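*Asks:* Pasting work-v5.tsv below, which is TSV, C-alpha atoms.
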```
chain	number	residue	atom	x	y	z
A	22	MET	CA	27.29	26.69	-55.48
A	23	ASP	CA	30.33	28.90	-54.89
A	24	THR	CA	33.47	26.73	-55.09
A	25	LYS	CA	35.97	29.58	-54.95
A	26	LEU	CA	38.97	28.77	-52.81
A	27	LYS	CA	39.68	30.90	-49.76
A	28	GLN	CA	42.71	33.01	-50.57
A	29	ILE	CA	45.66	33.01	-48.17
A	30	SER	CA	47.48	36.35	-48.44
A	31	VAL	CA	51.26	36.30	-48.14
A	32	ILE	CA	53.94	38.98	-47.74
A	33	ILE	CA	57.54	38.08	-48.57
A	34	VAL	CA	60.33	39.86	-46.67
A	35	GLU	CA	63.61	38.92	-48.37
A	36	ASP	CA	66.55	41.07	-49.45
A	37	PHE	CA	67.60	39.02	-52.51
A	38	LYS	CA	65.45	39.93	-55.51
A	39	LEU	CA	65.98	36.61	-57.27
A	40	THR	CA	64.77	34.74	-54.18
A	41	ARG	CA	61.74	37.03	-53.87
A	42	VAL	CA	60.84	36.48	-57.52
A	43	GLY	CA	61.26	32.72	-57.17
A	44	LEU	CA	59.09	32.59	-54.07
A	45	ARG	CA	56.40	34.78	-55.61
A	46	CYS	CA	56.21	32.69	-58.80
A	47	ALA	CA	56.17	29.42	-56.89
A	48	LEU	CA	53.48	30.52	-54.46
A	49	ASN	CA	51.26	32.32	-56.97
A	50	ALA	CA	51.13	29.08	-58.97
A	51	ASN	CA	48.79	27.84	-56.22
A	52	PRO	CA	45.21	29.09	-56.70
A	53	ASP	CA	44.66	29.49	-52.94
A	54	LEU	CA	47.86	31.49	-52.27
A	55	GLU	CA	48.42	35.13	-53.19
A	56	VAL	CA	51.59	37.15	-52.65
A	57	ILE	CA	50.27	40.66	-51.95
A	58	ALA	CA	53.60	42.38	-51.28
A	59	GLU	CA	57.36	41.87	-51.47
A	60	CYS	CA	59.79	43.78	-49.26
A	61	GLU	CA	63.57	43.85	-49.39
A	62	ASP	CA	64.08	44.88	-45.78
A	63	ALA	CA	62.36	44.44	-42.42
A	64	ILE	CA	61.50	48.10	-41.92
A	65	GLU	CA	59.44	48.19	-45.13
A	66	GLY	CA	58.11	44.74	-44.30
A	67	ILE	CA	56.72	45.89	-40.96
A	68	LYS	CA	55.03	48.86	-42.65
A	69	GLN	CA	53.40	46.62	-45.24
A	70	ILE	CA	52.30	44.09	-42.64
A	71	GLN	CA	50.63	46.83	-40.60
A	72	ALA	CA	48.94	48.25	-43.69
A	73	LEU	CA	47.89	45.08	-45.51
A	74	LYS	CA	47.39	42.65	-42.60
A	75	PRO	CA	48.39	39.47	-44.46
A	76	ASP	CA	47.54	35.99	-43.29
A	77	VAL	CA	51.14	34.79	-43.50
A	78	VAL	CA	54.57	36.44	-43.64
A	79	LEU	CA	57.67	34.74	-45.06
A	80	MET	CA	60.52	36.34	-43.11
A	81	ASP	CA	64.17	35.95	-44.03
A	82	LEU	CA	66.39	35.99	-40.95
A	83	GLY	CA	69.47	37.57	-42.54
A	84	LEU	CA	68.15	41.00	-43.50
A	85	PRO	CA	70.02	44.33	-43.68
A	86	MET	CA	69.50	47.15	-41.14
A	87	MET	CA	67.10	45.09	-39.01
A	88	ASN	CA	67.35	41.31	-39.05
A	89	GLY	CA	64.38	38.99	-39.23
A	90	ILE	CA	64.57	38.06	-35.56
A	91	GLU	CA	64.26	41.68	-34.46
A	92	ALA	CA	61.49	42.20	-36.99
A	93	MET	CA	59.45	39.27	-35.67
A	94	VAL	CA	59.68	40.61	-32.14
A	95	LYS	CA	58.42	44.01	-33.31
A	96	ILE	CA	55.61	42.43	-35.33
A	97	ARG	CA	54.44	40.56	-32.23
A	98	GLU	CA	54.20	43.90	-30.42
A	99	PHE	CA	51.31	44.95	-32.65
A	100	SER	CA	49.91	41.67	-33.95
A	101	SER	CA	49.42	38.20	-32.54
A	102	ASP	CA	47.23	37.18	-35.46
A	103	VAL	CA	49.60	37.30	-38.43
A	104	LYS	CA	51.41	33.99	-38.93
A	105	ILE	CA	55.16	34.22	-39.44
A	106	ILE	CA	57.31	31.64	-41.21
A	107	ALA	CA	61.03	32.16	-40.59
A	108	LEU	CA	63.28	31.32	-43.52
A	109	THR	CA	66.85	30.35	-42.77
A	110	SER	CA	69.84	28.65	-44.37
A	111	HIS	CA	72.08	25.79	-43.26
A	112	ASP	CA	74.97	27.92	-42.02
A	113	ARG	CA	73.18	30.18	-39.52
A	114	GLU	CA	73.02	28.10	-36.36
A	115	GLU	CA	73.17	31.12	-34.03
A	116	GLU	CA	70.26	32.79	-35.82
A	117	VAL	CA	68.23	29.59	-35.66
A	118	VAL	CA	68.69	29.36	-31.89
A	119	ALA	CA	67.83	33.05	-31.45
A	120	ALA	CA	64.76	32.75	-33.69
A	121	LEU	CA	63.28	29.87	-31.72
A	122	SER	CA	61.72	32.27	-29.21
A	123	SER	CA	61.10	35.26	-31.46
A	124	GLY	CA	57.44	34.64	-32.29
A	125	ALA	CA	57.60	32.60	-35.49
A	126	ASN	CA	54.94	29.98	-36.16
A	127	ALA	CA	57.19	27.90	-38.42
A	128	TYR	CA	60.86	27.49	-39.28
A	129	CYS	CA	61.86	26.50	-42.81
A	130	LEU	CA	65.16	26.04	-44.55
A	131	LYS	CA	65.49	27.93	-47.80
A	132	ASP	CA	66.00	24.78	-49.82
A	133	ILE	CA	62.50	23.55	-48.93
A	134	ASP	CA	60.56	22.13	-51.87
A	135	PRO	CA	58.10	24.76	-53.21
A	136	ALA	CA	55.17	22.36	-52.92
A	137	LYS	CA	56.08	21.60	-49.31
A	138	LEU	CA	56.39	25.32	-48.55
A	139	ALA	CA	52.91	25.86	-49.96
A	140	ASP	CA	51.61	23.12	-47.64
A	141	VAL	CA	53.41	24.69	-44.66
A	142	ILE	CA	51.81	28.05	-45.45
A	143	ARG	CA	48.36	26.45	-45.56
A	144	ASP	CA	48.96	24.62	-42.27
A	145	VAL	CA	50.34	27.70	-40.53
A	146	ALA	CA	47.45	29.84	-41.81
A	147	ASN	CA	45.11	27.31	-40.18
A	148	GLY	CA	46.87	27.52	-36.84
A	149	VAL	CA	49.40	24.70	-37.09
A	150	CYS	CA	52.95	25.26	-35.84
A	151	TRP	CA	55.67	23.65	-37.95
A	152	ILE	CA	59.40	23.18	-37.48
A	153	ASP	CA	61.76	21.77	-40.11
A	154	SER	CA	63.57	18.70	-38.79
A	155	MET	CA	66.88	20.13	-40.03
A	156	VAL	CA	66.23	23.31	-38.03
A	157	ALA	CA	65.79	21.18	-34.92
A	158	ASN	CA	69.08	19.46	-35.71
A	159	LEU	CA	70.82	22.82	-36.13
A	160	ALA	CA	69.51	23.94	-32.76
A	161	LEU	CA	70.72	20.70	-31.19
A	162	LYS	CA	74.22	21.17	-32.63
A	163	ALA	CA	74.31	24.72	-31.30
A	164	ILE	CA	73.60	23.70	-27.70
A	165	PRO	CA	76.73	24.25	-25.54
A	166	LYS	CA	78.76	21.08	-25.10
A	167	ALA	CA	78.24	21.11	-21.35
A	168	GLU	CA	74.52	20.68	-21.94
A	169	SER	CA	74.87	17.96	-24.57
A	170	THR	CA	77.52	15.83	-22.81
A	171	ASP	CA	74.94	13.33	-21.62
A	172	LEU	CA	73.77	12.83	-25.19
A	173	LEU	CA	77.32	12.14	-26.36
A	174	THR	CA	78.11	9.72	-23.54
A	175	GLY	CA	74.83	7.89	-23.81
A	176	LYS	CA	73.73	8.84	-20.32
A	177	ILE	CA	69.96	9.11	-20.11
A	178	PRO	CA	68.85	12.73	-19.53
A	179	ASP	CA	66.87	13.53	-16.41
A	180	GLN	CA	63.30	13.27	-17.62
A	181	SER	CA	61.72	13.22	-14.17
A	182	ARG	CA	61.33	17.01	-14.19
A	183	ILE	CA	58.64	16.66	-16.88
A	184	PRO	CA	56.62	13.49	-16.24
A	185	LEU	CA	55.84	12.36	-19.77
A	186	THR	CA	54.80	8.78	-20.41
A	187	GLU	CA	56.92	6.51	-22.60
A	188	ARG	CA	54.45	6.98	-25.45
A	189	GLU	CA	54.51	10.76	-25.02
A	190	PHE	CA	58.30	10.74	-25.31
A	191	GLU	CA	57.90	8.87	-28.61
A	192	VAL	CA	55.45	11.52	-29.80
A	193	LEU	CA	57.80	14.28	-28.62
A	194	LYS	CA	60.61	12.86	-30.77
A	195	HIS	CA	58.32	13.11	-33.79
A	196	LEU	CA	57.39	16.68	-32.84
A	197	VAL	CA	61.08	17.62	-32.83
A	198	ALA	CA	61.36	16.02	-36.27
A	199	GLY	CA	58.66	18.42	-37.50
A	200	LYS	CA	55.97	15.81	-38.12
A	201	SER	CA	52.26	16.60	-38.21
A	202	ASN	CA	49.61	14.79	-36.16
A	203	THR	CA	48.71	12.74	-39.22
A	204	GLU	CA	52.34	11.71	-39.75
A	205	ILE	CA	52.74	10.88	-36.06
A	206	ALA	CA	49.59	8.77	-36.14
A	207	LYS	CA	50.93	6.86	-39.14
A	208	GLU	CA	54.32	6.28	-37.50
A	209	LEU	CA	52.81	5.03	-34.23
A	210	ILE	CA	49.89	3.20	-35.87
A	211	VAL	CA	47.25	5.08	-33.91
A	212	SER	CA	44.36	7.35	-34.86
A	213	VAL	CA	44.92	11.04	-35.59
A	214	HIS	CA	42.63	11.81	-32.64
A	215	THR	CA	44.91	9.78	-30.34
A	216	ALA	CA	48.03	11.47	-31.71
A	217	LYS	CA	46.44	14.88	-31.15
A	218	ALA	CA	45.50	13.92	-27.59
A	219	HIS	CA	49.12	12.94	-26.88
A	220	VAL	CA	50.36	16.26	-28.31
A	221	CYS	CA	47.91	18.24	-26.16
A	222	SER	CA	49.03	16.32	-23.06
A	223	ILE	CA	52.69	16.99	-23.89
A	224	LEU	CA	52.08	20.72	-24.29
A	225	GLN	CA	50.28	20.87	-20.96
A	226	LYS	CA	52.94	18.91	-19.06
A	227	MET	CA	55.80	20.90	-20.60
A	228	CYS	CA	54.01	24.21	-19.85
A	229	VAL	CA	54.33	25.46	-23.43
A	230	ASN	CA	51.81	26.99	-25.82
A	231	ASP	CA	52.53	25.18	-29.08
A	232	ARG	CA	54.43	22.44	-30.88
A	233	VAL	CA	57.37	24.68	-31.79
A	234	GLN	CA	57.95	25.66	-28.15
A	235	ALA	CA	57.72	21.99	-27.14
A	236	ALA	CA	60.30	21.00	-29.76
A	237	VAL	CA	62.63	23.81	-28.76
A	238	LYS	CA	62.36	22.99	-25.05
A	239	ALA	CA	62.94	19.30	-25.74
A	240	VAL	CA	66.09	20.07	-27.75
A	241	LYS	CA	67.46	22.61	-25.28
A	242	GLU	CA	66.93	20.34	-22.26
A	243	GLY	CA	68.21	17.17	-23.94
A	244	MET	CA	64.90	15.35	-23.60
A	245	VAL	CA	65.18	13.67	-27.00
```
Using structure tokens, write down the structure that the file contains.
*Replies:*
Amino acid sequence: MDTKLKQISVIIVEDFKLTRVGLRCALNANPDLEVIAECEDAIEGIKQIQALKPDVVLMDLGLPMMNGIEAMVKIREFSSDVKIIALTSHDREEEVVAALSSGANAYCLKDIDPAKLADVIRDVANGVCWIDSMVANLALKAIPKAESTDLLTGKIPDQSRIPLTEREFEVLKHLVAGKSNTEIAKELIVSVHTAKAHVCSILQKMCVNDRVQAAVKAVKEGMV
């Protein structure tokens, strides 16, 4: 019987060589992950993505000539299949906010544990959207004060525009925190199937396509 693992191909787009080397070594240590190209700028990255058609792209946001946000938009013009993981750092709140609608499937901080990053790559390759809880917090901090006043004063935001149930609001909070269906199920002491059903209902009611968009919309509109 063939027990060979299905390889997930990865392209790294990062301008710092030391970071590229570290990412490549960490990811290639996993038998199911293979870094097939490394690019130091977005222009070369786009060329390699078009040529090699990887499963997943790790995209730095702060790139020279063309930043990662612009690159993701261009990639989405020719491919909706490739999965993109945006890599960011703690001090780039504006870029985080801009990246939230640029076409990424996941948002990771650069200090993410290598083992966790490998898990995120596997999840994203299998169609899961993932958002780092710290990224959600950065986006929340970057919201203009006029929009976050209610949160500071303790006034309950107007939730009537999107009629979620009390349980769905609980699930939404966990979505914003970047938790998977399994983690949500554990937190709420329900089955994974039930957690997934709640997530699907939330996406439908919020008129969004995936978990990332739901988290972003929730943060921007002060729903959580």
*Asks:* Between A:Ile105, A:Leu185, A:Ala239, A:Val233, single out the one closest to Asp76 (chain A), counting all atoms listed in the file.
*Replies:* A:Ile105
*Asks:* Which residue out of A:Thr109, A:Ser154, A:Ser100, A:Ser201 has the minimum interatomic distance to Glu35 (chain A) when only C-alpha atoms are used?
*Replies:*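 Using only C-alpha atoms, Glu35 (chain A) sits closest to A:Thr109.
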*Asks:* Excluding Ala58 (chain A) and any residue of its chain fewer than 2 positions from it, enumerate the residues within 9 Å of it, using all atoms listed in the file, and give them as a list in words.
*Replies:* Val31, Ile32, Ile33, Val34, Val56, Cys60, Gly66, Gln69, Ile70 and Leu73 of chain A
*Asks:* Between A:Glu189, A:Glu242, A:Glu91, A:Asp134, single out the one closest to Cys221 (chain A), counting all atoms listed in the file.
*Replies:*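 Among the listed residues, A:Glu189 lies closest to Cys221 (chain A).
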*Asks:* For Ile223 (chain A), list every protein, DNA or RNA residue within 10 Å, evaluated using only C-alpha atoms, and leave out those in the same chain fewer than 6 positions away; present the list as a PDB file with C-alpha atoms, in the frame of the given file.
*Replies:*
```
ATOM      1  CA  ILE A 183      58.640  16.660 -16.880  1.00  0.00           C
ATOM      2  CA  PRO A 184      56.620  13.490 -16.240  1.00  0.00           C
ATOM      3  CA  LEU A 185      55.840  12.360 -19.770  1.00  0.00           C
ATOM      4  CA  THR A 186      54.800   8.780 -20.410  1.00  0.00           C
ATOM      5  CA  GLU A 189      54.510  10.760 -25.020  1.00  0.00           C
ATOM      6  CA  PHE A 190      58.300  10.740 -25.310  1.00  0.00           C
ATOM      7  CA  VAL A 192      55.450  11.520 -29.800  1.00  0.00           C
ATOM      8  CA  LEU A 193      57.800  14.280 -28.620  1.00  0.00           C
ATOM      9  CA  LYS A 217      46.440  14.880 -31.150  1.00  0.00           C
ATOM     10  CA  VAL A 229      54.330  25.460 -23.430  1.00  0.00           C
ATOM     11  CA  ASP A 231      52.530  25.180 -29.080  1.00  0.00           C
ATOM     12  CA  ARG A 232      54.430  22.440 -30.880  1.00  0.00           C
ATOM     13  CA  ALA A 235      57.720  21.990 -27.140  1.00  0.00           C
TER      14      ALA A 235
END
```
*Asks:* Within 12 Å of (50.5, 13.3, -37.5) in the file's own coordinates, which protein, DNA or RNA residues have an atom, counting only C-alpha atoms? List them as a ChimeraX atom specification.
*Replies:* /A:149,151,192-193,195-196,198-220,232
*Asks:* Please write the residues from the selection above to a file, keeping C-alpha atoms, as a PDB file, in the frame of the given file.
*Replies:*
```
ATOM      1  CA  VAL A 149      49.400  24.700 -37.090  1.00  0.00           C
ATOM      2  CA  TRP A 151      55.670  23.650 -37.950  1.00  0.00           C
ATOM      3  CA  VAL A 192      55.450  11.520 -29.800  1.00  0.00           C
ATOM      4  CA  LEU A 193      57.800  14.280 -28.620  1.00  0.00           C
ATOM      5  CA  HIS A 195      58.320  13.110 -33.790  1.00  0.00           C
ATOM      6  CA  LEU A 196      57.390  16.680 -32.840  1.00  0.00           C
ATOM      7  CA  ALA A 198      61.360  16.020 -36.270  1.00  0.00           C
ATOM      8  CA  GLY A 199      58.660  18.420 -37.500  1.00  0.00           C
ATOM      9  CA  LYS A 200      55.970  15.810 -38.120  1.00  0.00           C
ATOM     10  CA  SER A 201      52.260  16.600 -38.210  1.00  0.00           C
ATOM     11  CA  ASN A 202      49.610  14.790 -36.160  1.00  0.00           C
ATOM     12  CA  THR A 203      48.710  12.740 -39.220  1.00  0.00           C
ATOM     13  CA  GLU A 204      52.340  11.710 -39.750  1.00  0.00           C
ATOM     14  CA  ILE A 205      52.740  10.880 -36.060  1.00  0.00           C
ATOM     15  CA  ALA A 206      49.590   8.770 -36.140  1.00  0.00           C
ATOM     16  CA  LYS A 207      50.930   6.860 -39.140  1.00  0.00           C
ATOM     17  CA  GLU A 208      54.320   6.280 -37.500  1.00  0.00           C
ATOM     18  CA  LEU A 209      52.810   5.030 -34.230  1.00  0.00           C
ATOM     19  CA  ILE A 210      49.890   3.200 -35.870  1.00  0.00           C
ATOM     20  CA  VAL A 211      47.250   5.080 -33.910  1.00  0.00           C
ATOM     21  CA  SER A 212      44.360   7.350 -34.860  1.00  0.00           C
ATOM     22  CA  VAL A 213      44.920  11.040 -35.590  1.00  0.00           C
ATOM     23  CA  HIS A 214      42.630  11.810 -32.640  1.00  0.00           C
ATOM     24  CA  THR A 215      44.910   9.780 -30.340  1.00  0.00           C
ATOM     25  CA  ALA A 216      48.030  11.470 -31.710  1.00  0.00           C
ATOM     26  CA  LYS A 217      46.440  14.880 -31.150  1.00  0.00           C
ATOM     27  CA  ALA A 218      45.500  13.920 -27.590  1.00  0.00           C
ATOM     28  CA  HIS A 219      49.120  12.940 -26.880  1.00  0.00           C
ATOM     29  CA  VAL A 220      50.360  16.260 -28.310  1.00  0.00           C
ATOM     30  CA  ARG A 232      54.430  22.440 -30.880  1.00  0.00           C
TER      31      ARG A 232
END
```
*Asks:* Any chance you could work out the axis-aligned box around region 77-83 of chain A, listed atoms only, 8 Å on each side, giving centre and edge lengths in Å to one decimal, as JSON?
*Replies:*
```
{"center_x": 60.3, "center_y": 36.2, "center_z": -43.0, "size_x": 34.3, "size_y": 18.8, "size_z": 20.1}
```
*Asks:* Separation of CA of Met93 (chain A) and CA of Ser123 (chain A), in Å?
*Replies:*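 Going from CA of Met93 (chain A) over to CA of Ser123 (chain A) covers 6.0 Å.
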*Asks:* When you look at Ala136 (chain A) with a cut-off of 10 Å (counting only C-alpha atoms), what residues show up, excluding the ones that are within fewer than 5 positions of it in the same chain? I need them as a list of chain:residue names.
*Replies:* A:Ala47, A:Leu48, A:Ala50, A:Asn51, A:Val141, A:Ile142
